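Peer 1: Here you go, one structure.
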Amino acid sequence: EPEMFLHPQMQRSLYKTIREIGKTNQVIYITHSPNFVTIPEFDEIAIISKNENGTFAKKSIMKPDETLKNKFRKELNPDRNEMFFAKKILIVEGDTEKMAFPEFANRMNVDFDKVGSSIIEVGGKRNLVDFIELALSFNIPVGVVYDTDSSDFGGKREEELAYNKILDAYTQVGVAVFTFSKNYEEELSKNYGNEVYLEYCQKYGRNKTQRARLMAMDIDIEIPKFVVPIIKWME
C-alpha cells in the first residue's frame with residue numbers, strides 16, 4: 001500500500017515515479033487510494049472482491065482504445081477515480097447534483113460513505129455513456145441521472161434525442177436511469193412551484209451549484225419528490 005504515511009501531494013509524486021519504473025519493469029501493488037489508480041489506465045486495474053464463494057479479481061472487459069483513454073485523461077481527477085472503490089456509483093453530468101444529493105441524503109439519514117456509494121461527476125452529458133460503459137465493464141452497480149435537454153448539445157435536438165435513447169436503453173442491462181424533464185433546476189421549479197422556487201433562489205444566491213447545496217441543507221425546504229428514489233437507490 002504505497003500511499004501509507006504520505007500526504008496527497010507525495011502520493012501523486014510517488015505514483016508518477018512508479019509509472020516511470022513501469023515503463024521497463026512489471027510493477028504490482030495494492031492500494032486503497034484514488035491517487036494510485038487512474039481511469040485512463042483502467043485496463044491495468046484489478047478490483048479484488050469477495051463473496052460467499054471466496055476472493056476474486058475483476059478486470060475490465062472494455063477494449064483499451066487509445067482515443068478513449070485520451071478522453072479519460074482529459075476528465076481525470078481523484079474524485080472520479082473513487083469509482084473503483086465504490087460498492088455502487090451514481091453518475092451525474094455536473095457539480096449541482098453532486099453537491100445537492102448528499103445533503104438530501106443526510107436529511108434522510110442515509111450516509112453514502114457508510115454504505116460505500118459514490119457520486120461521480122463526469123463533466124457533461126456527452127461523457128455519460130463512456131463512464132457507464134467503464135462501470136459496467138468492471139461489473140460495478142451503476143445508476144445515471146441526466147438532463148433530457150442539455151446545453152451540451154447546443155440545440156442539436158435530434159442528436160440529443162438519439163443520445164437520450166441510448167441512455168434509456170441501459171435499463172435493459174441493469175443500470176438505474178433517472179431523468180429530469182429538462183434539467184435539475186426545472187425539476188425543482190415544478191416540484192415547489194415557480195413562485196416558491198424563485199423565492200428560494202433569491203434567498204440563496206445566483207451560483208446554481210452553491211444554491212442547490214444550500215437549499216438541500218435547509219430543513220425548512222421539503223425534499224423534492226423526484227430526489228427520494230435516487231437517494232433510496234444509492235442506499
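To be explicit about the labels: the chains of the C-alpha cells are called A, B, and onward in the order shown, and within each one the residues are counted from 1, while ligands get numbers from 1 in the order they are shown.
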Among stretch 53-105 of chain A, which ones does DSSP place in alpha helix (DSSP H), written as a ChimeraX atom specification?
Peer 2: /A:66-74,78-81,95-105
Peer 1: Leaving out stretch 12-23 of chain A and any residue of its chain fewer than 4 positions from it, which residues lie within 9 Å of it when counting only C-alpha atoms, given as a PDB file with N, CA, C and O atoms, in the first residue's frame?
Peer 2:
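The resulting file, part16.pdb, is shown below:
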ATOM      1  N   PRO A   2       1.312   1.700  -1.144  1.00  0.00           N
ATOM      2  CA  PRO A   2       2.313   2.766  -1.234  1.00  0.00           C
ATOM      3  C   PRO A   2       1.842   4.110  -0.692  1.00  0.00           C
ATOM      4  O   PRO A   2       2.658   4.988  -0.429  1.00  0.00           O
ATOM      5  N   GLU A   3       0.524   4.276  -0.489  1.00  0.00           N
ATOM      6  CA  GLU A   3       0.029   5.576  -0.005  1.00  0.00           C
ATOM      7  C   GLU A   3       0.231   5.784   1.493  1.00  0.00           C
ATOM      8  O   GLU A   3       0.065   6.904   1.997  1.00  0.00           O
ATOM      9  N   HIS A   7       1.409  12.296   2.391  1.00  0.00           N
ATOM     10  CA  HIS A   7       0.437  13.330   2.070  1.00  0.00           C
ATOM     11  C   HIS A   7      -0.003  13.161   0.617  1.00  0.00           C
ATOM     12  O   HIS A   7       0.698  12.532  -0.196  1.00  0.00           O
ATOM     13  N   PRO A   8      -1.180  13.706   0.253  1.00  0.00           N
ATOM     14  CA  PRO A   8      -1.674  13.549  -1.126  1.00  0.00           C
ATOM     15  C   PRO A   8      -0.678  13.980  -2.197  1.00  0.00           C
ATOM     16  O   PRO A   8      -0.545  13.310  -3.234  1.00  0.00           O
ATOM     17  N   VAL A  27       5.265  -3.787 -12.409  1.00  0.00           N
ATOM     18  CA  VAL A  27       5.039  -3.303 -11.051  1.00  0.00           C
ATOM     19  C   VAL A  27       3.637  -3.721 -10.620  1.00  0.00           C
ATOM     20  O   VAL A  27       2.660  -3.477 -11.323  1.00  0.00           O
ATOM     21  N   ASN A  35      -5.419   8.113  -5.584  1.00  0.00           N
ATOM     22  CA  ASN A  35      -4.235   8.695  -6.216  1.00  0.00           C
ATOM     23  C   ASN A  35      -3.336   7.642  -6.849  1.00  0.00           C
ATOM     24  O   ASN A  35      -2.384   7.987  -7.555  1.00  0.00           O
ATOM     25  N   PHE A  36      -3.629   6.356  -6.614  1.00  0.00           N
ATOM     26  CA  PHE A  36      -2.797   5.293  -7.174  1.00  0.00           C
ATOM     27  C   PHE A  36      -3.536   4.419  -8.180  1.00  0.00           C
ATOM     28  O   PHE A  36      -3.026   3.393  -8.616  1.00  0.00           O
ATOM     29  N   VAL A  37      -4.760   4.799  -8.521  1.00  0.00           N
ATOM     30  CA  VAL A  37      -5.456   4.194  -9.653  1.00  0.00           C
ATOM     31  C   VAL A  37      -6.011   5.332 -10.489  1.00  0.00           C
ATOM     32  O   VAL A  37      -6.474   6.337  -9.943  1.00  0.00           O
TER      33      VAL A  37
END
Peer 1: A:Cys201: which residues within 9 Å, counting only C-alpha atoms, same-chain residues fewer than 4 positions away excluded, as a ChimeraX atom specification?
Peer 2: /A:196-197,205-206,208,211-212,215
Peer 1: Neighbouring residues of stretch 185-193 of chain A were defined as those with any atom within 9 Å, considering only C-alpha atoms; residues of the same chain fewer than 2 positions away were excluded. Please report them as a list of chain:residue names.
Peer 2: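 Result of the neighbour search: A:Phe180, A:Ser181, A:Lys182, A:Asn183, A:Glu195, A:Val196, A:Tyr197, A:Leu198, A:Lys208, A:Ala212, A:Glu222, A:Pro224, A:Lys225, A:Phe226.
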Peer 1: Once you have the residues from the selection above, write them out as a short mmCIF file (atom, residue, chain, number, x, y, z; two decimals), in the first residue's frame, restricted to all heavy atoms.
Peer 2:
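Output (again.cif):
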data_model
loop_
_atom_site.label_atom_id
_atom_site.label_comp_id
_atom_site.auth_asym_id
_atom_site.auth_seq_id
_atom_site.Cartn_x
_atom_site.Cartn_y
_atom_site.Cartn_z
N PHE A 180 -34.41 14.04 -15.74
CA PHE A 180 -35.08 15.30 -15.49
C PHE A 180 -35.73 15.75 -16.78
O PHE A 180 -35.10 15.70 -17.85
CB PHE A 180 -34.10 16.36 -15.01
CG PHE A 180 -33.38 16.02 -13.73
CD1 PHE A 180 -32.09 16.47 -13.50
CD2 PHE A 180 -33.99 15.24 -12.77
CE1 PHE A 180 -31.43 16.15 -12.33
CE2 PHE A 180 -33.35 14.91 -11.59
CZ PHE A 180 -32.05 15.37 -11.36
N SER A 181 -36.98 16.18 -16.72
CA SER A 181 -37.71 16.52 -17.94
C SER A 181 -37.00 17.59 -18.75
O SER A 181 -37.13 17.64 -19.98
CB SER A 181 -39.14 16.98 -17.60
OG SER A 181 -39.10 18.10 -16.74
N LYS A 182 -36.24 18.44 -18.09
CA LYS A 182 -35.37 19.39 -18.80
C LYS A 182 -34.01 19.41 -18.11
O LYS A 182 -33.02 18.97 -18.65
CB LYS A 182 -35.98 20.78 -18.85
CG LYS A 182 -35.19 21.75 -19.70
CD LYS A 182 -35.91 23.09 -19.84
CE LYS A 182 -35.12 24.03 -20.75
NZ LYS A 182 -35.78 25.36 -20.89
N ASN A 183 -33.98 19.92 -16.88
CA ASN A 183 -32.76 19.92 -16.09
C ASN A 183 -33.12 19.98 -14.61
O ASN A 183 -34.30 20.04 -14.24
CB ASN A 183 -31.84 21.09 -16.48
CG ASN A 183 -32.54 22.43 -16.42
OD1 ASN A 183 -33.22 22.75 -15.45
ND2 ASN A 183 -32.38 23.23 -17.47
N GLU A 195 -43.16 30.16 -8.26
CA GLU A 195 -43.07 31.32 -7.37
C GLU A 195 -42.26 31.01 -6.12
O GLU A 195 -41.38 31.79 -5.71
CB GLU A 195 -44.48 31.79 -6.99
CG GLU A 195 -44.49 33.07 -6.17
CD GLU A 195 -45.91 33.57 -5.90
OE1 GLU A 195 -46.84 33.16 -6.63
OE2 GLU A 195 -46.08 34.36 -4.95
N VAL A 196 -42.53 29.86 -5.51
CA VAL A 196 -41.79 29.46 -4.30
C VAL A 196 -40.33 29.20 -4.64
O VAL A 196 -39.42 29.60 -3.90
CB VAL A 196 -42.43 28.21 -3.67
CG1 VAL A 196 -41.57 27.68 -2.52
CG2 VAL A 196 -43.84 28.52 -3.19
N TYR A 197 -40.10 28.54 -5.77
CA TYR A 197 -38.71 28.24 -6.18
C TYR A 197 -37.91 29.53 -6.37
O TYR A 197 -36.75 29.60 -5.95
CB TYR A 197 -38.71 27.41 -7.46
CG TYR A 197 -37.32 27.15 -8.00
CD1 TYR A 197 -36.39 26.42 -7.27
CD2 TYR A 197 -36.93 27.65 -9.25
CE1 TYR A 197 -35.12 26.19 -7.76
CE2 TYR A 197 -35.66 27.43 -9.75
CZ TYR A 197 -34.76 26.70 -9.00
OH TYR A 197 -33.48 26.48 -9.48
N LEU A 198 -38.50 30.52 -6.98
CA LEU A 198 -37.80 31.79 -7.18
C LEU A 198 -37.47 32.46 -5.85
O LEU A 198 -36.43 33.12 -5.70
CB LEU A 198 -38.65 32.73 -8.04
CG LEU A 198 -38.77 32.34 -9.52
CD1 LEU A 198 -39.70 33.30 -10.26
CD2 LEU A 198 -37.40 32.29 -10.20
N LYS A 208 -25.63 28.56 -9.11
CA LYS A 208 -26.61 27.48 -9.05
C LYS A 208 -26.11 26.26 -8.26
O LYS A 208 -26.90 25.58 -7.60
CB LYS A 208 -27.06 27.06 -10.45
CG LYS A 208 -26.03 26.34 -11.29
CD LYS A 208 -26.66 25.84 -12.58
CE LYS A 208 -25.69 24.97 -13.38
NZ LYS A 208 -26.32 24.42 -14.59
N ALA A 212 -27.97 25.13 -4.93
CA ALA A 212 -28.55 23.79 -4.83
C ALA A 212 -28.15 23.11 -3.54
O ALA A 212 -28.98 22.45 -2.88
CB ALA A 212 -28.12 22.95 -6.04
N GLU A 222 -38.81 21.36 1.75
CA GLU A 222 -39.18 19.96 1.56
C GLU A 222 -38.21 19.26 0.60
O GLU A 222 -37.78 19.84 -0.40
CB GLU A 222 -40.60 19.89 0.99
CG GLU A 222 -41.08 18.47 0.67
CD GLU A 222 -42.39 18.48 -0.10
OE1 GLU A 222 -42.76 19.55 -0.62
OE2 GLU A 222 -43.02 17.42 -0.19
N PRO A 224 -37.38 17.29 -2.44
CA PRO A 224 -38.17 17.08 -3.66
C PRO A 224 -38.53 15.61 -3.87
O PRO A 224 -37.72 14.72 -3.60
CB PRO A 224 -37.23 17.58 -4.78
CG PRO A 224 -36.23 18.43 -4.09
CD PRO A 224 -36.07 17.88 -2.71
N LYS A 225 -39.74 15.39 -4.34
CA LYS A 225 -40.21 14.01 -4.54
C LYS A 225 -39.33 13.24 -5.52
O LYS A 225 -39.12 12.04 -5.36
CB LYS A 225 -41.67 14.03 -5.01
CG LYS A 225 -42.65 14.55 -3.98
CD LYS A 225 -44.08 14.54 -4.52
CE LYS A 225 -45.09 14.97 -3.46
NZ LYS A 225 -44.86 16.33 -2.97
N PHE A 226 -38.81 13.93 -6.54
CA PHE A 226 -38.02 13.22 -7.55
C PHE A 226 -36.64 12.81 -7.03
O PHE A 226 -35.99 11.95 -7.63
CB PHE A 226 -37.88 14.08 -8.81
CG PHE A 226 -37.03 15.32 -8.65
CD1 PHE A 226 -35.66 15.28 -8.86
CD2 PHE A 226 -37.61 16.54 -8.32
CE1 PHE A 226 -34.89 16.43 -8.72
CE2 PHE A 226 -36.85 17.69 -8.18
CZ PHE A 226 -35.48 17.63 -8.38
#
Peer 1: May I have the residues within 8 Å of A:Met234 as a ChimeraX atom specification, using only C-alpha atoms and disregarding those fewer than 6 positions away in the same chain?
Peer 2: /A:88-90,112,117
Peer 1: Could you give me, as a PDB file with C-alpha atoms, in the first residue's frame, the residues within 10 Å of A:Phe84, counting only C-alpha atoms and dropping anything in the same chain fewer than 3 positions from it?
Peer 2:
ATOM      1  CA  HIS A  32      -6.908   1.973  -1.197  1.00  0.00           C
ATOM      2  CA  SER A  33      -6.067   5.429  -2.550  1.00  0.00           C
ATOM      3  CA  PRO A  34      -7.637   7.069  -5.631  1.00  0.00           C
ATOM      4  CA  VAL A  37      -5.456   4.194  -9.653  1.00  0.00           C
ATOM      5  CA  THR A  38      -6.445   6.284 -12.637  1.00  0.00           C
ATOM      6  CA  ILE A  39      -9.385   5.986 -15.004  1.00  0.00           C
ATOM      7  CA  PHE A  42      -8.404   1.151 -16.408  1.00  0.00           C
ATOM      8  CA  ILE A  45      -6.615  -2.299 -12.696  1.00  0.00           C
ATOM      9  CA  ALA A  46      -7.929  -5.413 -10.950  1.00  0.00           C
ATOM     10  CA  ILE A  47     -10.618  -4.899  -8.306  1.00  0.00           C
ATOM     11  CA  ARG A  80     -13.695  10.103 -10.427  1.00  0.00           C
ATOM     12  CA  ASN A  81     -11.036   7.504  -9.636  1.00  0.00           C
ATOM     13  CA  LYS A  87     -19.941  -0.638  -4.000  1.00  0.00           C
ATOM     14  CA  LYS A  88     -22.355   1.445  -6.081  1.00  0.00           C
ATOM     15  CA  ILE A  89     -21.948   4.607  -8.134  1.00  0.00           C
ATOM     16  CA  SER A 118     -20.168   7.411  -4.587  1.00  0.00           C
ATOM     17  CA  LEU A 134     -16.482   1.667 -17.816  1.00  0.00           C
ATOM     18  CA  ALA A 135     -18.506   0.877 -14.685  1.00  0.00           C
ATOM     19  CA  PHE A 138     -15.975  -3.868 -14.029  1.00  0.00           C
ATOM     20  CA  ILE A 140     -19.846  -2.090 -10.658  1.00  0.00           C
TER      21      ILE A 140
END
Peer 1: Counting only C-alpha atoms, figure out which residue out of A:Arg107, A:Arg157, A:Lys165, A:Lys232 gets nearest to A:Asp218.
Peer 2: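 Using only C-alpha atoms, the shortest distance to A:Asp218 belongs to A:Arg107.
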Peer 1: Of the residues A:Gln9, A:Asn127, A:Ser151, A:Gln172, which is the one nearest to A:Glu93, using only C-alpha atoms?
Peer 2: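 The shortest atom-to-atom distance to A:Glu93 comes from A:Asn127.
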Peer 1: Where does DSSP see strand (DSSP E) in stretch 46-228 of chain A, if you list the residues as a ChimeraX atom specification?
Peer 2: /A:46-51,54-59,88-92,117-121,142-147,176-180
Peer 1: Just write the chosen residues, N, CA and C atoms, as a CSV table (one decimal), in the first residue's frame.
Peer 2:
chain,number,residue,atom,x,y,z
A,46,ALA,N,-7.1,-4.2,-11.4
A,46,ALA,CA,-7.9,-5.4,-10.9
A,46,ALA,C,-8.6,-5.1,-9.6
A,47,ILE,N,-9.9,-5.2,-9.6
A,47,ILE,CA,-10.6,-4.9,-8.3
A,47,ILE,C,-10.8,-6.2,-7.6
A,48,ILE,N,-10.2,-6.3,-6.4
A,48,ILE,CA,-10.3,-7.5,-5.6
A,48,ILE,C,-11.5,-7.5,-4.7
A,49,SER,N,-12.4,-8.5,-4.8
A,49,SER,CA,-13.6,-8.5,-4.0
A,49,SER,C,-13.8,-9.9,-3.4
A,50,LYS,N,-14.8,-10.1,-2.6
A,50,LYS,CA,-15.1,-11.4,-2.1
A,50,LYS,C,-16.6,-11.6,-2.0
A,51,ASN,N,-17.0,-12.8,-2.1
A,51,ASN,CA,-18.4,-13.2,-1.9
A,51,ASN,C,-18.5,-14.5,-1.2
A,54,GLY,N,-15.7,-16.9,-2.0
A,54,GLY,CA,-14.3,-16.6,-1.8
A,54,GLY,C,-13.9,-15.3,-2.4
A,55,THR,N,-12.6,-15.1,-2.5
A,55,THR,CA,-12.0,-13.9,-3.1
A,55,THR,C,-11.8,-14.0,-4.6
A,56,PHE,N,-12.0,-12.9,-5.3
A,56,PHE,CA,-11.9,-13.0,-6.8
A,56,PHE,C,-11.4,-11.6,-7.3
A,57,ALA,N,-10.9,-11.6,-8.5
A,57,ALA,CA,-10.4,-10.3,-9.1
A,57,ALA,C,-11.4,-10.0,-10.3
A,58,LYS,N,-11.7,-8.7,-10.4
A,58,LYS,CA,-12.5,-8.2,-11.5
A,58,LYS,C,-11.6,-7.3,-12.4
A,59,LYS,N,-11.4,-7.7,-13.7
A,59,LYS,CA,-10.7,-6.9,-14.7
A,59,LYS,C,-11.7,-6.4,-15.7
A,88,LYS,N,-21.3,1.0,-5.2
A,88,LYS,CA,-22.4,1.4,-6.1
A,88,LYS,C,-22.0,2.9,-6.5
A,89,ILE,N,-22.2,3.2,-7.7
A,89,ILE,CA,-21.9,4.6,-8.1
A,89,ILE,C,-23.1,5.2,-8.9
A,90,LEU,N,-23.3,6.5,-8.7
A,90,LEU,CA,-24.3,7.3,-9.4
A,90,LEU,C,-23.5,8.3,-10.3
A,91,ILE,N,-23.7,8.2,-11.6
A,91,ILE,CA,-23.1,9.1,-12.5
A,91,ILE,C,-24.0,10.3,-12.8
A,92,VAL,N,-23.4,11.5,-12.7
A,92,VAL,CA,-24.2,12.7,-12.9
A,92,VAL,C,-23.4,13.6,-13.9
A,117,SER,N,-21.3,4.1,-1.3
A,117,SER,CA,-21.8,4.6,-2.6
A,117,SER,C,-21.0,5.9,-2.9
A,118,SER,N,-20.8,6.2,-4.2
A,118,SER,CA,-20.2,7.4,-4.6
A,118,SER,C,-20.9,8.1,-5.7
A,119,ILE,N,-20.9,9.4,-5.7
A,119,ILE,CA,-21.5,10.1,-6.9
A,119,ILE,C,-20.3,10.6,-7.7
A,120,ILE,N,-20.3,10.2,-9.0
A,120,ILE,CA,-19.3,10.5,-9.9
A,120,ILE,C,-19.7,11.5,-10.9
A,121,GLU,N,-19.2,12.7,-10.9
A,121,GLU,CA,-19.5,13.8,-11.8
A,121,GLU,C,-18.5,13.7,-13.0
A,142,VAL,N,-24.3,0.5,-11.2
A,142,VAL,CA,-24.3,1.9,-11.6
A,142,VAL,C,-25.7,2.5,-11.9
A,143,GLY,N,-25.8,3.7,-11.5
A,143,GLY,CA,-27.0,4.5,-11.9
A,143,GLY,C,-26.6,5.7,-12.6
A,144,VAL,N,-27.5,6.4,-13.3
A,144,VAL,CA,-27.2,7.6,-14.0
A,144,VAL,C,-28.4,8.6,-13.9
A,145,VAL,N,-28.0,9.9,-13.7
A,145,VAL,CA,-29.0,10.9,-13.8
A,145,VAL,C,-28.7,11.9,-14.9
A,146,TYR,N,-29.7,12.1,-15.8
A,146,TYR,CA,-29.3,13.0,-16.9
A,146,TYR,C,-30.5,14.0,-17.2
A,147,ASP,N,-30.0,15.2,-17.8
A,147,ASP,CA,-31.0,16.2,-18.2
A,147,ASP,C,-31.4,15.8,-19.6
A,176,ALA,N,-29.6,1.8,-13.3
A,176,ALA,CA,-30.8,2.6,-12.8
A,176,ALA,C,-30.7,4.0,-13.5
A,177,VAL,N,-31.7,4.3,-14.3
A,177,VAL,CA,-31.7,5.5,-15.1
A,177,VAL,C,-32.8,6.5,-14.5
A,178,PHE,N,-32.3,7.7,-14.2
A,178,PHE,CA,-33.2,8.7,-13.6
A,178,PHE,C,-33.1,9.9,-14.6
A,179,THR,N,-34.2,10.5,-14.9
A,179,THR,CA,-34.2,11.7,-15.9
A,179,THR,C,-34.9,12.9,-15.3
A,180,PHE,N,-34.4,14.0,-15.7
A,180,PHE,CA,-35.1,15.3,-15.5
A,180,PHE,C,-35.7,15.7,-16.8
Peer 1: Find the spatial neighbours of stretch 102-105 of chain A, counting only C-alpha atoms, within a cut-off of 6 Å - ignore same-chain residues fewer than 3 positions away - and output them as an MDAnalysis selection string.
Peer 2: chainID A and resid 108 110 216:217
Peer 1: Have a look at A:Ile231, A:Val175, A:Met4, A:Ile166 and name the one nearest to A:Val115; count only C-alpha atoms.
Peer 2: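 Selected residue with least distance to A:Val115: A:Ile231.
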Peer 1: Kindly indicate which residue among A:Phe5, A:Glu41, A:Thr209, A:Leu68 lies nearest to A:Glu133, using only C-alpha atoms for the distances.
Peer 2: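 Nearest to A:Glu133: A:Leu68.
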Peer 1: If you measure from atom CA of A:Ser150 to atom CA of A:Gly123, what distance in Å do you get, rounded to one decimal?
Peer 2: 12.3 Å
Peer 1: So, counting only C-alpha atoms, which residue among A:Asp152, A:Ile61, A:Pro141, A:Thr67 is closest to A:Thr171?
Peer 2: A:Pro141
Peer 1: Would you please work out which residue, of A:Glu199, A:Asp43, A:Glu158, A:Glu235, is nearest to A:Ser60 when using only C-alpha atoms?
Peer 2: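 The shortest atom-to-atom distance to A:Ser60 comes from A:Asp43.
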